[in-house]
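Report on one structure; see the data block that follows.
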There are 2 protein chains.
Amino acid sequence: MTGPATGHEADRTGLPDVGGKDAPQARRPRVQKNVTTALGLDICSERYPVGSVLPRESDLCEMYGVSRTVVRESLKILATKGLLHSRPRVGTVVCDKAEWNLLDAQILEWMGPRIQDLDLLGCILETRRTVEPVAAEFAAERASVQEIADLEAAWTRMRDAGTDTEAFTRADVQFHEILLKASHNQVFRQLSSIIHAGLMYSLHRSNEVIDHRDEALAIHRDLVEALRLRDKAAARAASHRMLDTAVRDLAPALRGRRQDADGA
Amino acid sequence: MTGPATGHEADRTGLPDVGGKDAPQARRPRVQKNVTTALGLDICSERYPVGSVLPRESDLCEMYGVSRTVVRESLKILATKGLLHSRPRVGTVVCDKAEWNLLDAQILEWMGPRIQDLDLLGCILETRRTVEPVAAEFAAERASVQEIADLEAAWTRMRDAGTDTEAFTRADVQFHEILLKASHNQVFRQLSSIIHAGLMYSLHRSNEVIDHRDEALAIHRDLVEALRLRDKAAARAASHRMLDTAVRDLAPALRGRRQDADGA
DNA sequence: TCCTGTATTCGTCATACTATTTTTGAATTA
DNA sequence: TAATTCAAAAATAGTATGACGAATACAGGA
């Protein structure tokens, strides 16, 4: 009531956005989300390395200028994603990366370019080569007309992107996500997030070369055509060709994939 | 345990008052976890169908006899898993199943036998047929000696299970999880949970037939041998044979997989 | 060496207040 | 009168605060 905007001078520092400035309606939208994101970024960027202990909850409250409720719920979210593990007296520790939910879209976003660590880019490419041709085959016999239309729409957006590499890549990623959905296999669809992340960091570069774009356009069109004709073999073949170009374009980025065959 | 006890009036532990009987060491272990599990079960069992709104938080507090803190953090966990979505004034609604994180071990556990709905069993089998042979191939060239030893240990447990179908199935599932891990592909490893769930509900039946068990034992041994020899082709072949028997055994259970080609 | 007590930290509870959004209903207009 | 607009109200999740309980690592004594 009567908006006493003056109170709460609690300096909510640490958050990436707006500063103190007691501007007009300094509405604070989703404090929760901001804290979760800040902590998630700090963990994924190894600012809090694996095995390390986070500041205790009351300290985090001070650091971010929020209540313990918010901090705890944020920690709960991150724990659910496999990043953290809290225990009384010992504190909140960062889990081993093997427990991270790598298929979580937010984690992948927080990792950003670090996705190249951990062999993730290579793993994702292997996964695509394993799954996508099969998904294309399934889509050939199961895709709805609506889904095929959506695929074509994505293709059109690719074609019309012109010199906008960003837009081209976005449409390209959407194409692959629709394809996975059109496979009508729920497990495949769960892979959308990680393939999305992998594509975003690999397509962007290869799509900068105009020749590659034309080639990609042609192959994508072939795939849509194969789906329309319900031609499983052709769909699979088109997907294979697509991935061959991906392997070729990513070869330099994957230089020296490490073979950590030995136990740590 | 597995107490169905889906009753909402469940006898929560230790009400604030009337604490009359201080039971043995039953204390109250993990109130949080209990509430989360109860809500998760109620959602996965469609007691709260997709699109329905849950009771408001204060009501849930009464129903489970816990504080709002616990209820909220439980809801937060379930929301992170994609089951729920909360908004002020409107309440907490159950998300569409397409948003559920099907690779989450807990969700799969909560679904229990309902895993047969939604075509999940079929999807999992398709995923196995797509991924496992490739994983076996990768494992042939990347598995550590320790991992191969672990695989053999699992195989030994299968062999020595005798008439204990439960133990045999458990070892069988472990075998496949180790195999995925040995592929040294982090994305493949994330599929462990769902393959685990799929196997638990399919192997158990097929392993009841003694002939199938002997056959399975032989094929699993062949796979281990192939890994030891670093023979990719043989590993892939063994995996394929394994899955062929799985398809054969599951055929009756998958009767009439529905082809929902149309958009719902 | 083993045991016990203590300090620290997360886990839970309780209450109050804020923010957001749906709903309602009155005022306005065609 | 009927439809429209807009502002006030009601309801619910979101946040803040403070207190206490429970679990456990650690230190000190037997």
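Labels used: A, B, ... for chains in the order of the structure tokens, numbers from 1 for residues in each chain, and numbers from 1 for ligands as shown.
Every protein, DNA or RNA residue with an atom at most 10 Å from DT8 in chain C, where only C-alpha atoms (C1' of nucleotides) count and chain neighbours fewer than 3 positions away do not, is listed here: Pro88, Arg89, Val90 and Gly91 of chain A; DT24, DA25 and DC26 of chain D.
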Is it possible to see chain A as a JSON list (two decimals) with C-alpha atoms, in the first residue's frame, once it has been laid onto chain B by a least-squares fit on every C-alpha atom in order?
[["chain", "number", "residue", "atom", "x", "y", "z"],
["A", 1, "MET", "CA", 15.19, -29.96, 23.93],
["A", 2, "THR", "CA", 13.51, -32.36, 26.28],
["A", 3, "GLY", "CA", 11.87, -33.97, 23.28],
["A", 4, "PRO", "CA", 8.24, -32.87, 23.46],
["A", 5, "ALA", "CA", 7.10, -35.59, 21.13],
["A", 6, "THR", "CA", 3.48, -34.93, 21.88],
["A", 7, "GLY", "CA", 2.96, -31.78, 19.86],
["A", 8, "HIS", "CA", 2.27, -31.59, 16.16],
["A", 9, "GLU", "CA", -0.78, -33.74, 16.06],
["A", 10, "ALA", "CA", -1.01, -32.52, 12.50],
["A", 11, "ASP", "CA", -2.33, -35.61, 10.86],
["A", 12, "ARG", "CA", 0.06, -36.12, 8.01],
["A", 13, "THR", "CA", -2.23, -38.27, 6.02],
["A", 14, "GLY", "CA", -1.83, -39.09, 2.41],
["A", 15, "LEU", "CA", 1.67, -40.31, 2.87],
["A", 16, "PRO", "CA", 1.99, -43.94, 2.00],
["A", 17, "ASP", "CA", 3.87, -45.07, 5.06],
["A", 18, "VAL", "CA", 3.51, -45.21, 8.82],
["A", 19, "GLY", "CA", 0.25, -44.24, 10.38],
["A", 20, "GLY", "CA", -0.46, -42.02, 13.33],
["A", 21, "LYS", "CA", 0.74, -44.37, 16.07],
["A", 22, "ASP", "CA", 2.78, -42.14, 18.32],
["A", 23, "ALA", "CA", 5.43, -44.78, 18.43],
["A", 24, "PRO", "CA", 8.73, -44.30, 20.25],
["A", 25, "GLN", "CA", 10.92, -42.28, 17.98],
["A", 26, "ALA", "CA", 8.46, -41.47, 15.24],
["A", 27, "ARG", "CA", 11.25, -39.84, 13.29],
["A", 28, "ARG", "CA", 9.99, -38.47, 10.05],
["A", 29, "PRO", "CA", 12.74, -38.92, 7.53],
["A", 30, "ARG", "CA", 12.68, -36.65, 4.58],
["A", 31, "VAL", "CA", 9.23, -35.24, 4.59],
["A", 32, "GLN", "CA", 10.23, -33.37, 1.50],
["A", 33, "LYS", "CA", 11.02, -36.50, -0.45],
["A", 34, "ASN", "CA", 7.78, -38.14, 0.52],
["A", 35, "VAL", "CA", 5.69, -35.23, -0.63],
["A", 36, "THR", "CA", 7.60, -34.98, -3.88],
["A", 37, "THR", "CA", 7.11, -38.66, -4.52],
["A", 38, "ALA", "CA", 3.43, -38.54, -3.64],
["A", 39, "LEU", "CA", 2.81, -35.63, -5.97],
["A", 40, "GLY", "CA", 4.96, -37.15, -8.70],
["A", 41, "LEU", "CA", 3.02, -40.39, -8.52],
["A", 42, "ASP", "CA", -0.28, -38.55, -8.62],
["A", 43, "ILE", "CA", 0.78, -36.70, -11.73],
["A", 44, "CYS", "CA", 2.32, -39.65, -13.55],
["A", 45, "SER", "CA", -0.70, -41.77, -12.76],
["A", 46, "GLU", "CA", -2.90, -39.13, -14.30],
["A", 47, "ARG", "CA", -4.70, -38.59, -11.07],
["A", 48, "TYR", "CA", -3.91, -35.02, -11.93],
["A", 49, "PRO", "CA", -4.29, -35.17, -15.71],
["A", 50, "VAL", "CA", -2.37, -33.03, -18.11],
["A", 51, "GLY", "CA", -3.72, -29.51, -18.10],
["A", 52, "SER", "CA", -5.47, -29.88, -14.77],
["A", 53, "VAL", "CA", -4.82, -27.59, -11.87],
["A", 54, "LEU", "CA", -3.43, -28.90, -8.61],
["A", 55, "PRO", "CA", -4.94, -27.86, -5.29],
["A", 56, "ARG", "CA", -3.51, -24.62, -4.14],
["A", 57, "GLU", "CA", -0.40, -24.70, -2.03],
["A", 58, "SER", "CA", -2.16, -24.06, 1.25],
["A", 59, "ASP", "CA", -4.50, -26.98, 0.56],
["A", 60, "LEU", "CA", -1.61, -29.26, -0.26],
["A", 61, "CYS", "CA", -0.09, -28.28, 3.06],
["A", 62, "GLU", "CA", -3.21, -29.48, 4.83],
["A", 63, "MET", "CA", -3.50, -32.61, 2.72],
["A", 64, "TYR", "CA", 0.00, -33.75, 3.50],
["A", 65, "GLY", "CA", 0.28, -32.18, 6.92],
["A", 66, "VAL", "CA", 3.45, -30.28, 6.08],
["A", 67, "SER", "CA", 4.46, -26.68, 5.86],
["A", 68, "ARG", "CA", 4.25, -24.58, 2.78],
["A", 69, "THR", "CA", 8.03, -24.58, 2.59],
["A", 70, "VAL", "CA", 8.04, -28.28, 1.89],
["A", 71, "VAL", "CA", 5.17, -28.12, -0.56],
["A", 72, "ARG", "CA", 6.73, -25.31, -2.50],
["A", 73, "GLU", "CA", 10.12, -26.96, -2.74],
["A", 74, "SER", "CA", 8.48, -30.16, -3.88],
["A", 75, "LEU", "CA", 6.58, -28.30, -6.56],
["A", 76, "LYS", "CA", 9.81, -26.63, -7.56],
["A", 77, "ILE", "CA", 11.47, -29.98, -8.06],
["A", 78, "LEU", "CA", 8.60, -31.29, -10.13],
["A", 79, "ALA", "CA", 8.56, -28.10, -12.17],
["A", 80, "THR", "CA", 12.26, -28.56, -12.87],
["A", 81, "LYS", "CA", 11.48, -32.01, -14.20],
["A", 82, "GLY", "CA", 9.00, -30.46, -16.59],
["A", 83, "LEU", "CA", 5.90, -31.84, -14.94],
["A", 84, "LEU", "CA", 4.44, -28.62, -13.57],
["A", 85, "HIS", "CA", 4.19, -24.95, -14.25],
["A", 86, "SER", "CA", 3.05, -22.44, -11.64],
["A", 87, "ARG", "CA", 1.61, -19.02, -12.19],
["A", 88, "PRO", "CA", 0.12, -16.54, -9.77],
["A", 89, "ARG", "CA", -3.61, -16.49, -9.50],
["A", 90, "VAL", "CA", -4.07, -19.40, -11.91],
["A", 91, "GLY", "CA", -2.34, -22.02, -9.84],
["A", 92, "THR", "CA", -0.09, -24.96, -10.60],
["A", 93, "VAL", "CA", -0.98, -26.82, -13.76],
["A", 94, "VAL", "CA", 0.31, -30.12, -15.11],
["A", 95, "CYS", "CA", 2.38, -29.58, -18.23],
["A", 96, "ASP", "CA", 1.87, -31.38, -21.49],
["A", 97, "LYS", "CA", 3.70, -34.68, -21.65],
["A", 98, "ALA", "CA", 5.87, -33.39, -24.43],
["A", 99, "GLU", "CA", 7.62, -31.26, -21.84],
["A", 100, "TRP", "CA", 8.22, -34.04, -19.35],
["A", 101, "ASN", "CA", 11.82, -34.96, -18.89],
["A", 102, "LEU", "CA", 11.48, -38.56, -19.93],
["A", 103, "LEU", "CA", 15.12, -39.27, -19.23],
["A", 104, "ASP", "CA", 14.60, -38.59, -15.55],
["A", 105, "ALA", "CA", 14.91, -41.76, -13.54],
["A", 106, "GLN", "CA", 12.36, -40.72, -10.95],
["A", 107, "ILE", "CA", 9.69, -39.89, -13.48],
["A", 108, "LEU", "CA", 10.17, -43.26, -15.12],
["A", 109, "GLU", "CA", 9.90, -44.89, -11.73],
["A", 110, "TRP", "CA", 6.71, -43.00, -10.96],
["A", 111, "MET", "CA", 5.24, -44.02, -14.30],
["A", 112, "GLY", "CA", 5.82, -47.65, -13.49],
["A", 113, "PRO", "CA", 3.82, -49.91, -15.76],
["A", 114, "ARG", "CA", 2.33, -46.90, -17.48],
["A", 115, "ILE", "CA", 5.57, -46.76, -19.36],
["A", 116, "GLN", "CA", 3.71, -48.84, -21.89],
["A", 117, "ASP", "CA", 1.52, -45.88, -22.66],
["A", 118, "LEU", "CA", 2.66, -43.20, -24.96],
["A", 119, "ASP", "CA", 4.53, -45.68, -27.07],
["A", 120, "LEU", "CA", 7.39, -45.31, -24.67],
["A", 121, "LEU", "CA", 8.36, -48.94, -24.76],
["A", 122, "GLY", "CA", 8.54, -48.84, -28.53],
["A", 123, "CYS", "CA", 10.50, -45.60, -28.49],
["A", 124, "ILE", "CA", 12.97, -47.03, -26.04],
["A", 125, "LEU", "CA", 13.48, -50.13, -28.11],
["A", 126, "GLU", "CA", 14.07, -48.01, -31.20],
["A", 127, "THR", "CA", 16.57, -45.96, -29.26],
["A", 128, "ARG", "CA", 18.39, -49.05, -28.10],
["A", 129, "ARG", "CA", 18.58, -50.40, -31.63],
["A", 130, "THR", "CA", 19.97, -47.09, -32.77],
["A", 131, "VAL", "CA", 22.43, -46.41, -30.00],
["A", 132, "GLU", "CA", 23.58, -49.64, -28.41],
["A", 133, "PRO", "CA", 25.43, -51.14, -31.38],
["A", 134, "VAL", "CA", 27.32, -47.90, -31.80],
["A", 135, "ALA", "CA", 27.98, -47.75, -28.08],
["A", 136, "ALA", "CA", 29.35, -51.28, -28.25],
["A", 137, "GLU", "CA", 31.64, -50.25, -31.07],
["A", 138, "PHE", "CA", 32.91, -47.27, -29.12],
["A", 139, "ALA", "CA", 33.36, -49.41, -26.05],
["A", 140, "ALA", "CA", 35.47, -51.82, -28.07],
["A", 141, "GLU", "CA", 38.05, -49.14, -28.60],
["A", 142, "ARG", "CA", 37.62, -47.06, -25.47],
["A", 143, "ALA", "CA", 36.57, -49.25, -22.57],
["A", 144, "SER", "CA", 39.04, -49.40, -19.72],
["A", 145, "VAL", "CA", 40.15, -52.73, -18.38],
["A", 146, "GLN", "CA", 38.23, -51.93, -15.24],
["A", 147, "GLU", "CA", 35.05, -51.40, -17.21],
["A", 148, "ILE", "CA", 35.50, -54.65, -19.06],
["A", 149, "ALA", "CA", 36.03, -56.36, -15.73],
["A", 150, "ASP", "CA", 32.84, -54.75, -14.45],
["A", 151, "LEU", "CA", 30.99, -56.03, -17.47],
["A", 152, "GLU", "CA", 32.28, -59.50, -16.86],
["A", 153, "ALA", "CA", 31.28, -59.27, -13.23],
["A", 154, "ALA", "CA", 27.76, -58.34, -14.26],
["A", 155, "TRP", "CA", 27.76, -61.26, -16.66],
["A", 156, "THR", "CA", 28.84, -63.56, -13.86],
["A", 157, "ARG", "CA", 25.99, -62.32, -11.72],
["A", 158, "MET", "CA", 23.64, -63.11, -14.56],
["A", 159, "ARG", "CA", 25.03, -66.60, -14.90],
["A", 160, "ASP", "CA", 24.86, -67.27, -11.18],
["A", 161, "ALA", "CA", 21.37, -65.92, -10.76],
["A", 162, "GLY", "CA", 19.98, -69.41, -11.05],
["A", 163, "THR", "CA", 16.23, -69.37, -10.84],
["A", 164, "ASP", "CA", 16.13, -65.86, -9.44],
["A", 165, "THR", "CA", 14.61, -63.99, -12.34],
["A", 166, "GLU", "CA", 14.77, -60.77, -10.42],
["A", 167, "ALA", "CA", 18.49, -61.01, -9.83],
["A", 168, "PHE", "CA", 19.09, -62.03, -13.43],
["A", 169, "THR", "CA", 17.24, -59.02, -14.73],
["A", 170, "ARG", "CA", 19.04, -56.69, -12.34],
["A", 171, "ALA", "CA", 22.41, -57.92, -13.50],
["A", 172, "ASP", "CA", 21.27, -57.71, -17.10],
["A", 173, "VAL", "CA", 20.28, -54.07, -16.69],
["A", 174, "GLN", "CA", 23.56, -53.30, -14.97],
["A", 175, "PHE", "CA", 25.40, -54.89, -17.88],
["A", 176, "HIS", "CA", 23.80, -52.50, -20.33],
["A", 177, "GLU", "CA", 24.42, -49.49, -18.11],
["A", 178, "ILE", "CA", 28.10, -50.34, -17.80],
["A", 179, "LEU", "CA", 28.27, -50.78, -21.54],
["A", 180, "LEU", "CA", 26.88, -47.31, -22.13],
["A", 181, "LYS", "CA", 29.34, -45.89, -19.64],
["A", 182, "ALA", "CA", 32.16, -47.75, -21.33],
["A", 183, "SER", "CA", 31.32, -46.09, -24.61],
["A", 184, "HIS", "CA", 32.88, -42.99, -23.09],
["A", 185, "ASN", "CA", 30.26, -40.85, -24.71],
["A", 186, "GLN", "CA", 28.61, -38.66, -22.14],
["A", 187, "VAL", "CA", 25.43, -38.25, -24.10],
["A", 188, "PHE", "CA", 25.01, -41.97, -24.45],
["A", 189, "ARG", "CA", 25.47, -42.36, -20.74],
["A", 190, "GLN", "CA", 22.60, -39.99, -20.11],
["A", 191, "LEU", "CA", 20.38, -42.54, -21.79],
["A", 192, "SER", "CA", 21.07, -45.07, -19.06],
["A", 193, "SER", "CA", 18.02, -44.12, -17.05],
["A", 194, "ILE", "CA", 15.50, -44.61, -19.77],
["A", 195, "ILE", "CA", 17.10, -47.77, -21.06],
["A", 196, "HIS", "CA", 17.15, -49.00, -17.49],
["A", 197, "ALA", "CA", 13.42, -48.40, -17.24],
["A", 198, "GLY", "CA", 12.71, -49.99, -20.58],
["A", 199, "LEU", "CA", 14.75, -53.05, -19.79],
["A", 200, "MET", "CA", 13.23, -53.52, -16.37],
["A", 201, "TYR", "CA", 9.80, -53.83, -17.88],
["A", 202, "SER", "CA", 10.74, -55.95, -20.82],
["A", 203, "LEU", "CA", 13.60, -58.16, -19.74],
["A", 204, "HIS", "CA", 11.76, -59.42, -16.77],
["A", 205, "ARG", "CA", 9.26, -61.21, -18.89],
["A", 206, "SER", "CA", 11.60, -62.55, -21.52],
["A", 207, "ASN", "CA", 14.03, -63.72, -18.88],
["A", 208, "GLU", "CA", 11.43, -65.98, -17.42],
["A", 209, "VAL", "CA", 11.92, -68.36, -20.29],
["A", 210, "ILE", "CA", 14.95, -70.45, -19.52],
["A", 211, "ASP", "CA", 15.94, -70.85, -23.15],
["A", 212, "HIS", "CA", 16.03, -67.14, -23.64],
["A", 213, "ARG", "CA", 18.27, -66.80, -20.65],
["A", 214, "ASP", "CA", 20.82, -69.22, -21.95],
["A", 215, "GLU", "CA", 20.77, -67.51, -25.29],
["A", 216, "ALA", "CA", 21.16, -64.10, -23.66],
["A", 217, "LEU", "CA", 24.06, -65.36, -21.58],
["A", 218, "ALA", "CA", 25.89, -66.57, -24.66],
["A", 219, "ILE", "CA", 25.43, -63.32, -26.54],
["A", 220, "HIS", "CA", 26.47, -61.20, -23.60],
["A", 221, "ARG", "CA", 29.60, -63.28, -23.20],
["A", 222, "ASP", "CA", 30.40, -62.81, -26.88],
["A", 223, "LEU", "CA", 30.12, -59.07, -26.44],
["A", 224, "VAL", "CA", 32.50, -59.02, -23.50],
["A", 225, "GLU", "CA", 34.93, -61.15, -25.46],
["A", 226, "ALA", "CA", 34.73, -58.77, -28.40],
["A", 227, "LEU", "CA", 35.51, -55.83, -26.14],
["A", 228, "ARG", "CA", 38.46, -57.67, -24.68],
["A", 229, "LEU", "CA", 39.80, -58.26, -28.17],
["A", 230, "ARG", "CA", 39.03, -54.66, -29.13],
["A", 231, "ASP", "CA", 37.07, -56.04, -32.04],
["A", 232, "LYS", "CA", 34.63, -53.34, -33.03],
["A", 233, "ALA", "CA", 32.82, -55.32, -35.68],
["A", 234, "ALA", "CA", 32.26, -58.28, -33.38],
["A", 235, "ALA", "CA", 31.04, -56.02, -30.61],
["A", 236, "ARG", "CA", 28.58, -54.38, -32.90],
["A", 237, "ALA", "CA", 27.40, -57.72, -34.20],
["A", 238, "ALA", "CA", 26.87, -59.10, -30.72],
["A", 239, "SER", "CA", 24.89, -56.03, -29.75],
["A", 240, "HIS", "CA", 22.77, -56.44, -32.84],
["A", 241, "ARG", "CA", 22.01, -60.04, -32.02],
["A", 242, "MET", "CA", 21.11, -59.01, -28.50],
["A", 243, "LEU", "CA", 18.63, -56.49, -29.77],
["A", 244, "ASP", "CA", 17.15, -58.90, -32.28],
["A", 245, "THR", "CA", 16.19, -61.19, -29.45],
["A", 246, "ALA", "CA", 14.79, -58.22, -27.57],
["A", 247, "VAL", "CA", 12.64, -57.31, -30.54],
["A", 248, "ARG", "CA", 11.47, -60.88, -30.84],
["A", 249, "ASP", "CA", 10.58, -61.11, -27.16],
["A", 250, "LEU", "CA", 8.85, -57.77, -27.10],
["A", 251, "ALA", "CA", 6.87, -58.27, -30.28],
["A", 252, "PRO", "CA", 3.72, -59.35, -28.44],
["A", 253, "ALA", "CA", 3.92, -56.49, -25.97],
["A", 254, "LEU", "CA", 4.26, -54.00, -28.78],
["A", 255, "ARG", "CA", 1.23, -55.24, -30.60],
["A", 256, "GLY", "CA", -0.26, -52.52, -32.72],
["A", 257, "ARG", "CA", 2.04, -49.68, -32.08],
["A", 258, "ARG", "CA", -0.14, -46.79, -32.98],
["A", 259, "GLN", "CA", 0.88, -44.56, -35.80],
["A", 260, "ASP", "CA", -0.32, -41.15, -34.76],
["A", 261, "ALA", "CA", 0.99, -39.51, -37.88],
["A", 262, "ASP", "CA", -1.69, -36.89, -37.82],
["A", 263, "GLY", "CA", -1.35, -33.74, -35.82],
["A", 264, "ALA", "CA", -3.41, -33.79, -32.65]]
Output as a PyMOL selection string all residues of range 84-212 of chain A that backbone DSSP marks as helix (DSSP H, G or I). chain A and resi 97-99+105-142+145-159+165-182+186-190+192-206+210-212
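Reported to one decimal place, the separation of C1' of DA26 in chain C from C1' of DA7 in chain D is 9.0 Å.
Using only C-alpha atoms (C1' of nucleotides), we find that the part of chain C lying within 8 Å of chain B comprises DT12, DC13, DA14, DT20, DT21 and DT22 of chain C.
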How close does each residue of chain D get to chain B, giving the shortest atom pair and distance in Å to one decimal for every residue with an atom at most 10 Å away, counting only C-alpha atoms (C1' of nucleotides), sorted by chain and residue number, as a Markdown table?
| residue | atom | partner | partner_atom | distance |
| --- | --- | --- | --- | --- |
| D:DA10 | C1' | B:Arg89 | CA | 9.6 |
| D:DA11 | C1' | B:Arg89 | CA | 5.8 |
| D:DT12 | C1' | B:Arg89 | CA | 4.0 |
| D:DA13 | C1' | B:Pro88 | CA | 4.1 |
| D:DG14 | C1' | B:Pro88 | CA | 7.9 |
| D:DA22 | C1' | B:Arg28 | CA | 9.8 |
Atom-to-atom span, C1' of DT6 in chain C and C1' of DA23 in chain D, Å: 13.2 Å
If we count only C-alpha atoms (C1' of nucleotides), what is near DT5 in chain D at a cut-off of 12 Å, once residues fewer than 5 positions away on the same chain are taken out, given as a list in words? DG25, DA26, DA27, DT28 and DT29 of chain C
Those residues you just picked out, can you put them in a file as a short mmCIF file (atom, residue, chain, number, x, y, z; two decimals), in the first residue's frame with C-alpha atoms (C1' of nucleotides)?
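Final output, saved to part-v6.cif:
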data_model
loop_
_atom_site.label_atom_id
_atom_site.label_comp_id
_atom_site.auth_asym_id
_atom_site.auth_seq_id
_atom_site.Cartn_x
_atom_site.Cartn_y
_atom_site.Cartn_z
"C1'" DG C 25 -18.40 -4.45 -11.56
"C1'" DA C 26 -19.27 0.13 -12.32
"C1'" DA C 27 -18.81 3.90 -15.46
"C1'" DT C 28 -18.83 5.14 -20.23
"C1'" DT C 29 -20.19 5.04 -24.88
#
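For the atom pair formed by C1' of DG5 in chain C and C1' of DC20 in chain D, the distance is 20.1 Å, given to one decimal.
Taking range 74-151 of chain B and asking which residues DSSP calls strand (DSSP E) on the backbone, you get Leu84, His85, Ser86, Arg87, Gly91, Thr92, Val93 and Val94 of chain B.
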